[in-house]
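Shown here: target_23.txt, compact mmCIF, C-alpha atoms and all ligand atoms.
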```
# COMPACT_ATOMS: atom_id res chain seq x y z
CA MET A 1 -11.67 8.61 -19.76
CA HIS A 2 -9.35 6.78 -17.42
CA ALA A 3 -7.23 9.76 -16.33
CA ILE A 4 -7.92 13.32 -15.27
CA THR A 5 -5.86 16.22 -13.94
CA LEU A 6 -7.19 18.93 -11.61
CA ARG A 7 -5.27 22.23 -11.62
CA PHE A 8 -5.53 25.13 -9.20
CA LEU A 9 -3.55 27.62 -7.13
CA ALA A 10 -2.65 26.84 -3.50
CA GLU A 11 -4.56 29.53 -1.61
CA PRO A 12 -3.68 31.41 1.60
CA THR A 13 -6.52 29.53 3.34
CA ASP A 14 -4.64 26.23 2.69
CA VAL A 15 -1.76 27.22 5.00
CA ASN A 16 -0.39 25.10 7.86
CA TYR A 17 1.43 26.32 11.00
CA GLY A 18 4.74 26.31 9.14
CA GLY A 19 3.55 28.60 6.33
CA LYS A 20 3.30 25.87 3.69
CA VAL A 21 0.24 24.00 2.38
CA HIS A 22 -1.58 21.92 4.98
CA GLY A 23 -1.34 18.12 4.54
CA GLY A 24 -5.12 17.93 4.98
CA ALA A 25 -5.59 20.23 1.97
CA VAL A 26 -3.40 17.92 -0.14
CA MET A 27 -5.44 14.90 0.99
CA LYS A 28 -8.64 16.71 0.03
CA TRP A 29 -7.25 17.38 -3.47
CA ILE A 30 -6.25 13.71 -3.77
CA ASP A 31 -9.77 12.66 -2.81
CA GLN A 32 -11.31 15.11 -5.28
CA ALA A 33 -9.05 13.99 -8.14
CA GLY A 34 -9.68 10.29 -7.36
CA TYR A 35 -13.42 10.90 -7.07
CA THR A 36 -13.61 12.76 -10.40
CA CYS A 37 -11.60 10.03 -12.15
CA ALA A 38 -13.81 7.24 -10.71
CA VAL A 39 -17.11 9.02 -11.46
CA ASN A 40 -15.96 9.84 -14.96
CA TRP A 41 -14.99 6.22 -15.62
CA SER A 42 -18.09 4.63 -14.11
CA GLY A 43 -20.75 7.25 -14.80
CA LEU A 44 -21.94 6.59 -11.23
CA TYR A 45 -21.70 8.12 -7.78
CA CYS A 46 -18.64 6.71 -6.00
CA VAL A 47 -17.32 6.59 -2.44
CA THR A 48 -13.78 6.30 -1.17
CA VAL A 49 -13.10 2.87 0.33
CA TYR A 50 -9.37 3.10 0.94
CA VAL A 51 -6.48 5.55 0.73
CA GLY A 52 -2.95 4.22 1.16
CA GLY A 53 0.71 4.61 0.52
CA ILE A 54 0.52 8.37 0.89
CA ARG A 55 3.94 9.95 0.81
CA PHE A 56 4.68 13.66 1.06
CA TYR A 57 7.99 14.16 -0.77
CA HIS A 58 8.15 17.97 -0.77
CA PRO A 59 6.14 20.83 0.73
CA ILE A 60 3.85 22.95 -1.46
CA ARG A 61 4.07 26.72 -1.13
CA ILE A 62 1.10 29.05 -0.97
CA GLY A 63 0.65 30.51 -4.47
CA ASP A 64 2.03 27.41 -6.21
CA LEU A 65 0.25 26.03 -9.25
CA VAL A 66 -0.84 22.56 -8.14
CA GLU A 67 -1.70 19.60 -10.38
CA ALA A 68 -3.45 16.50 -9.01
CA GLU A 69 -3.24 13.78 -11.65
CA ALA A 70 -5.48 10.75 -11.12
CA ARG A 71 -5.09 7.65 -13.25
CA LEU A 72 -7.16 4.47 -13.19
CA ILE A 73 -4.82 1.50 -12.87
CA HIS A 74 -7.16 -1.38 -12.04
CA THR A 75 -10.86 -2.21 -11.83
CA GLY A 76 -12.40 -4.95 -9.70
CA THR A 77 -16.14 -5.56 -9.70
CA SER A 78 -17.30 -2.32 -8.06
CA SER A 79 -13.88 -0.94 -7.19
CA MET A 80 -11.61 1.40 -9.11
CA HIS A 81 -7.95 1.58 -8.07
CA ILE A 82 -6.50 4.97 -8.88
CA ALA A 83 -2.94 6.28 -8.61
CA VAL A 84 -2.82 9.96 -7.70
CA ALA A 85 0.29 12.10 -8.15
CA VAL A 86 0.35 15.68 -6.91
CA SER A 87 2.91 18.10 -8.30
CA ALA A 88 3.47 21.82 -7.80
CA ARG A 89 5.42 24.67 -9.30
CA ASP A 90 5.92 28.37 -8.89
CA PRO A 91 3.70 29.73 -11.71
CA ARG A 92 6.59 32.01 -12.76
CA THR A 93 8.64 28.96 -13.73
CA ASN A 94 8.18 25.60 -15.45
CA ASP A 95 10.02 23.54 -12.81
CA ARG A 96 7.35 21.13 -11.65
CA LEU A 97 8.14 19.01 -8.59
CA LYS A 98 6.29 15.84 -7.63
CA THR A 99 5.20 16.47 -4.05
CA THR A 100 2.84 13.64 -3.11
CA HIS A 101 1.79 10.21 -4.30
CA CYS A 102 -0.82 7.72 -3.16
CA ILE A 103 -3.28 5.02 -4.15
CA ILE A 104 -6.98 5.54 -3.65
CA VAL A 105 -9.71 2.95 -4.10
CA LEU A 106 -13.28 4.03 -4.78
CA ALA A 107 -16.41 1.91 -5.14
CA ALA A 108 -19.29 2.77 -7.48
CA MET A 109 -22.69 2.89 -5.81
CA ASP A 110 -26.16 2.10 -7.12
CA ASP A 111 -29.27 4.13 -6.30
CA ASP A 112 -29.78 2.11 -3.10
CA GLY A 113 -26.28 2.94 -1.84
CA LYS A 114 -24.87 -0.54 -2.54
CA PRO A 115 -21.63 -1.26 -4.41
CA THR A 116 -22.36 -1.94 -8.08
CA ALA A 117 -20.32 -3.23 -11.02
CA VAL A 118 -18.32 -0.88 -13.21
CA LYS A 119 -17.12 -1.46 -16.76
CA PRO A 120 -13.73 -3.17 -16.63
CA TRP A 121 -10.61 -1.27 -17.56
CA THR A 122 -8.17 -3.18 -19.77
CA PRO A 123 -4.58 -1.96 -19.92
CA SER A 124 -3.25 -1.64 -23.46
CA THR A 125 0.30 -0.31 -23.24
CA THR A 126 3.27 -1.91 -21.48
CA GLU A 127 3.22 0.93 -18.96
CA GLU A 128 -0.49 0.39 -18.23
CA LYS A 129 0.05 -3.35 -17.80
CA GLY A 130 2.85 -2.59 -15.35
CA LEU A 131 0.59 -0.23 -13.41
CA GLN A 132 -2.17 -2.83 -13.21
CA GLY A 133 0.36 -5.39 -11.93
CA TYR A 134 1.43 -2.83 -9.31
CA ALA A 135 -2.22 -2.32 -8.22
CA ILE A 136 -2.77 -6.07 -7.93
CA ARG A 137 0.45 -6.56 -5.92
CA LEU A 138 -0.62 -3.77 -3.54
CA MET A 139 -4.03 -5.40 -3.14
CA GLU A 140 -2.37 -8.67 -2.10
CA LEU A 141 -0.05 -6.86 0.34
CA ARG A 142 -3.05 -5.04 1.85
CA LYS A 143 -4.70 -8.31 2.83
CA ASP A 144 -1.89 -8.97 5.35
CA ILE A 145 -1.58 -5.32 6.37
CA ASP A 146 -5.34 -4.93 6.92
CA LEU A 147 -5.24 -7.88 9.30
CA ALA A 148 -2.28 -6.44 11.23
CA MET A 149 -3.81 -2.95 11.30
CA ARG A 150 -7.39 -3.90 12.17
CA PRO A 151 -8.96 -1.38 14.56
CA PHE A 152 -8.39 -2.19 18.24
CA LEU A 153 -10.77 0.39 19.71
C1 LIG A 201 -17.67 1.37 0.46
C2 LIG A 201 -18.65 0.49 1.21
C3 LIG A 201 -20.04 0.66 0.65
C4 LIG A 201 -18.16 -0.94 0.96
O1 LIG A 201 -19.01 -1.79 1.67
P1 LIG A 201 -18.66 -3.32 1.78
O2 LIG A 201 -19.74 -3.96 2.56
O3 LIG A 201 -17.25 -3.53 2.24
O4 LIG A 201 -18.83 -3.78 0.27
P2 LIG A 201 -17.94 -4.74 -0.57
O5 LIG A 201 -17.35 -5.84 0.27
O6 LIG A 201 -18.77 -5.14 -1.77
O7 LIG A 201 -16.71 -3.81 -1.04
C5 LIG A 201 -16.85 -2.92 -2.12
C6 LIG A 201 -15.54 -2.88 -2.85
O8 LIG A 201 -14.57 -2.30 -1.97
C7 LIG A 201 -13.41 -3.14 -1.94
N1 LIG A 201 -12.74 -3.01 -0.65
C8 LIG A 201 -13.24 -3.34 0.55
N2 LIG A 201 -12.30 -3.12 1.49
C9 LIG A 201 -11.21 -2.66 0.86
C10 LIG A 201 -9.90 -2.25 1.28
N3 LIG A 201 -9.50 -2.29 2.56
N4 LIG A 201 -9.04 -1.81 0.35
C11 LIG A 201 -9.39 -1.76 -0.95
N5 LIG A 201 -10.61 -2.10 -1.41
C12 LIG A 201 -11.50 -2.58 -0.51
C13 LIG A 201 -13.94 -4.53 -2.13
O9 LIG A 201 -12.91 -5.40 -2.59
C14 LIG A 201 -15.01 -4.29 -3.19
O10 LIG A 201 -14.42 -4.19 -4.46
P3 LIG A 201 -14.87 -5.19 -5.68
O11 LIG A 201 -16.36 -5.01 -5.83
O12 LIG A 201 -14.13 -4.67 -6.86
O13 LIG A 201 -14.49 -6.56 -5.27
C15 LIG A 201 -18.68 0.78 2.74
O14 LIG A 201 -17.48 0.34 3.33
C16 LIG A 201 -18.87 2.26 3.01
O15 LIG A 201 -19.96 2.80 2.86
N6 LIG A 201 -17.79 2.93 3.47
C17 LIG A 201 -17.84 4.36 3.73
C18 LIG A 201 -17.50 5.12 2.45
C19 LIG A 201 -17.30 6.58 2.76
O16 LIG A 201 -18.07 7.17 3.48
N7 LIG A 201 -16.20 7.15 2.23
C20 LIG A 201 -15.79 8.49 2.55
C21 LIG A 201 -16.59 9.54 1.89
S1 LIG A 201 -16.79 9.33 0.16
```
Is it possible to give me this structure as structure tokens?
Ligand SMILES: CC(C)(COP(=O)(O)OP(=O)(O)OC[C@H]1O[C@@H](n2cnc3c(N)ncnc32)[C@H](O)[C@@H]1OP(=O)(O)O)[C@@H](O)C(=O)NCCC(=O)NCCS
Amino acid sequence: MHAITLRFLAEPTDVNYGGKVHGGAVMKWIDQAGYTCAVNWSGLYCVTVYVGGIRFYHPIRIGDLVEAEARLIHTGTSSMHIAVAVSARDPRTNDRLKTTHCIIVLAAMDDDGKPTAVKPWTPSTTEEKGLQGYAIRLMELRKDIDLAMRPFL
């Protein structure tokens, strides 16, 4: 499958100093959703290479029903580019709000811990083709950004 959704309740242990869900908890869910999507697609162990474009649109409340939807939008040789959208709602209602979005890239690993090829994903619908184009444009943009943001320590 090229898409998966994880669902769970935001727990009291996920709280930040303002009483809402901690940003670190959201990033962990993004990583877990991306990881599950990549492993499911490749059938291999995968590691996170890159996380970018993370935007927190709205806070998540403790007790909210959270959905982390991960969708494969491009494959390279060993890499899988995955769009993750997090949404949340009060379980007493059906008003789901998109709270966070980002792109995560994972690489499939062989038994020696080296990146290894995955089966290519081919977009079939117009929407999927658009998403792949978006992933490729981001990849090109990252080349310049990576240079500008290279570690200085
Ligand atoms: C992932 C890792 C093995 C890649 O090693 P590497 O020597 O850069 O290997 P490669 O150059 O073959 O890169 C692997 C893939 O990552 C991609 N990649 C590398 N840097 C990237 C970046 N900044 N953004 C997006 N993708 C990137 C490469 O394009 C390549 O994809 P491709 O095979 O589809 O072309 C290595 O960086 C690593 O072990 N990182 C730590 C991973 C980790 O601990 N993650 C957190 C816990 S899971």
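Omitting range 44-57 of chain A and its sequence neighbours fewer than 5 positions away, and counting only C-alpha atoms, the residues within 6 Å are Val39, Thr99, Thr100, His101, Cys102, Ile103, Ile104, Val105, Leu106, Ala107, Ala108 and Met109 of chain A.
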Would you give me, as JSON lines, each residue of chain A having an atom within 12 Å of an atom of ligand LIG 201 (chain A), along with its shortest atom pair and that distance in Å to one decimal, using all atoms listed in the file and sorting by chain and residue number?
```
{"residue": "A:Lys28", "atom": "CA", "partner": "A:LIG201", "partner_atom": "C21", "distance": 10.9}
{"residue": "A:Asp31", "atom": "CA", "partner": "A:LIG201", "partner_atom": "S1", "distance": 8.3}
{"residue": "A:Gln32", "atom": "CA", "partner": "A:LIG201", "partner_atom": "S1", "distance": 9.6}
{"residue": "A:Gly34", "atom": "CA", "partner": "A:LIG201", "partner_atom": "S1", "distance": 10.4}
{"residue": "A:Tyr35", "atom": "CA", "partner": "A:LIG201", "partner_atom": "S1", "distance": 8.1}
{"residue": "A:Thr36", "atom": "CA", "partner": "A:LIG201", "partner_atom": "S1", "distance": 11.5}
{"residue": "A:Ala38", "atom": "CA", "partner": "A:LIG201", "partner_atom": "S1", "distance": 11.5}
{"residue": "A:Val39", "atom": "CA", "partner": "A:LIG201", "partner_atom": "S1", "distance": 11.6}
{"residue": "A:Tyr45", "atom": "CA", "partner": "A:LIG201", "partner_atom": "S1", "distance": 9.4}
{"residue": "A:Cys46", "atom": "CA", "partner": "A:LIG201", "partner_atom": "S1", "distance": 6.9}
{"residue": "A:Val47", "atom": "CA", "partner": "A:LIG201", "partner_atom": "S1", "distance": 3.8}
{"residue": "A:Thr48", "atom": "CA", "partner": "A:LIG201", "partner_atom": "N7", "distance": 4.3}
{"residue": "A:Val49", "atom": "CA", "partner": "A:LIG201", "partner_atom": "C1", "distance": 4.8}
{"residue": "A:Tyr50", "atom": "CA", "partner": "A:LIG201", "partner_atom": "N4", "distance": 5.0}
{"residue": "A:Val51", "atom": "CA", "partner": "A:LIG201", "partner_atom": "N4", "distance": 7.8}
{"residue": "A:Gly52", "atom": "CA", "partner": "A:LIG201", "partner_atom": "N4", "distance": 8.6}
{"residue": "A:Gly53", "atom": "CA", "partner": "A:LIG201", "partner_atom": "N4", "distance": 11.7}
{"residue": "A:His74", "atom": "CA", "partner": "A:LIG201", "partner_atom": "O12", "distance": 9.3}
{"residue": "A:Thr75", "atom": "CA", "partner": "A:LIG201", "partner_atom": "O12", "distance": 6.4}
{"residue": "A:Gly76", "atom": "CA", "partner": "A:LIG201", "partner_atom": "O12", "distance": 3.3}
{"residue": "A:Thr77", "atom": "CA", "partner": "A:LIG201", "partner_atom": "O12", "distance": 3.6}
{"residue": "A:Ser78", "atom": "CA", "partner": "A:LIG201", "partner_atom": "O11", "distance": 3.6}
{"residue": "A:Ser79", "atom": "CA", "partner": "A:LIG201", "partner_atom": "O12", "distance": 3.8}
{"residue": "A:Met80", "atom": "CA", "partner": "A:LIG201", "partner_atom": "O12", "distance": 6.9}
{"residue": "A:His81", "atom": "CA", "partner": "A:LIG201", "partner_atom": "C11", "distance": 8.0}
{"residue": "A:Ile82", "atom": "CA", "partner": "A:LIG201", "partner_atom": "C11", "distance": 10.8}
{"residue": "A:Ile103", "atom": "CA", "partner": "A:LIG201", "partner_atom": "C11", "distance": 9.7}
{"residue": "A:Ile104", "atom": "CA", "partner": "A:LIG201", "partner_atom": "C11", "distance": 8.1}
{"residue": "A:Val105", "atom": "CA", "partner": "A:LIG201", "partner_atom": "C11", "distance": 5.7}
{"residue": "A:Leu106", "atom": "CA", "partner": "A:LIG201", "partner_atom": "O8", "distance": 7.0}
{"residue": "A:Ala107", "atom": "CA", "partner": "A:LIG201", "partner_atom": "C6", "distance": 5.4}
{"residue": "A:Ala108", "atom": "CA", "partner": "A:LIG201", "partner_atom": "C5", "distance": 8.2}
{"residue": "A:Met109", "atom": "CA", "partner": "A:LIG201", "partner_atom": "C3", "distance": 7.3}
{"residue": "A:Asp110", "atom": "CA", "partner": "A:LIG201", "partner_atom": "C3", "distance": 10.0}
{"residue": "A:Asp112", "atom": "CA", "partner": "A:LIG201", "partner_atom": "C3", "distance": 10.5}
{"residue": "A:Gly113", "atom": "CA", "partner": "A:LIG201", "partner_atom": "C3", "distance": 7.1}
{"residue": "A:Lys114", "atom": "CA", "partner": "A:LIG201", "partner_atom": "C3", "distance": 5.9}
{"residue": "A:Pro115", "atom": "CA", "partner": "A:LIG201", "partner_atom": "O6", "distance": 5.5}
{"residue": "A:Thr116", "atom": "CA", "partner": "A:LIG201", "partner_atom": "O11", "distance": 7.1}
{"residue": "A:Ala117", "atom": "CA", "partner": "A:LIG201", "partner_atom": "O11", "distance": 6.8}
{"residue": "A:Val118", "atom": "CA", "partner": "A:LIG201", "partner_atom": "O12", "distance": 8.5}
{"residue": "A:Lys119", "atom": "CA", "partner": "A:LIG201", "partner_atom": "O12", "distance": 10.8}
{"residue": "A:Pro120", "atom": "CA", "partner": "A:LIG201", "partner_atom": "O12", "distance": 9.9}
{"residue": "A:Trp121", "atom": "CA", "partner": "A:LIG201", "partner_atom": "O12", "distance": 11.8}
{"residue": "A:Ala135", "atom": "CA", "partner": "A:LIG201", "partner_atom": "C11", "distance": 10.2}
{"residue": "A:Ile136", "atom": "CA", "partner": "A:LIG201", "partner_atom": "C11", "distance": 10.5}
{"residue": "A:Leu138", "atom": "CA", "partner": "A:LIG201", "partner_atom": "C11", "distance": 9.4}
{"residue": "A:Met139", "atom": "CA", "partner": "A:LIG201", "partner_atom": "C11", "distance": 6.8}
{"residue": "A:Glu140", "atom": "CA", "partner": "A:LIG201", "partner_atom": "N4", "distance": 9.9}
{"residue": "A:Leu141", "atom": "CA", "partner": "A:LIG201", "partner_atom": "N4", "distance": 10.3}
{"residue": "A:Arg142", "atom": "CA", "partner": "A:LIG201", "partner_atom": "N4", "distance": 7.0}
{"residue": "A:Lys143", "atom": "CA", "partner": "A:LIG201", "partner_atom": "N3", "distance": 7.7}
{"residue": "A:Asp144", "atom": "CA", "partner": "A:LIG201", "partner_atom": "N3", "distance": 10.5}
{"residue": "A:Ile145", "atom": "CA", "partner": "A:LIG201", "partner_atom": "N3", "distance": 9.3}
{"residue": "A:Asp146", "atom": "CA", "partner": "A:LIG201", "partner_atom": "N3", "distance": 6.6}
{"residue": "A:Leu147", "atom": "CA", "partner": "A:LIG201", "partner_atom": "N3", "distance": 9.7}
{"residue": "A:Met149", "atom": "CA", "partner": "A:LIG201", "partner_atom": "N3", "distance": 10.4}
{"residue": "A:Arg150", "atom": "CA", "partner": "A:LIG201", "partner_atom": "N3", "distance": 10.0}
```
Non-local contacts of Val21 in chain A (9 Å; only C-alpha atoms; under 6 positions in same chain excluded) as JSON, numbers by chain
{"A": [10, 11, 12, 13, 14, 15, 59, 60, 61, 62]}
Between CA of Val86 in chain A and CA of Val66 in chain A, measure the distance and give it in Å to one decimal.
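CA of Val86 in chain A sits 7.1 Å away from CA of Val66 in chain A.
Relative to CA of Leu72 in chain A, CA of Ser42 in chain A is found at 11.0 Å.
A straight line drawn from CA of Thr122 in chain A to CA of Val26 in chain A is 29.2 Å long.
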Residues at most 10 Å from Glu128 in chain A, counting all atoms listed in the file, excluding those fewer than 3 positions away in the same chain, as a ChimeraX atom specification?
/A:71-74,122-125,131-134
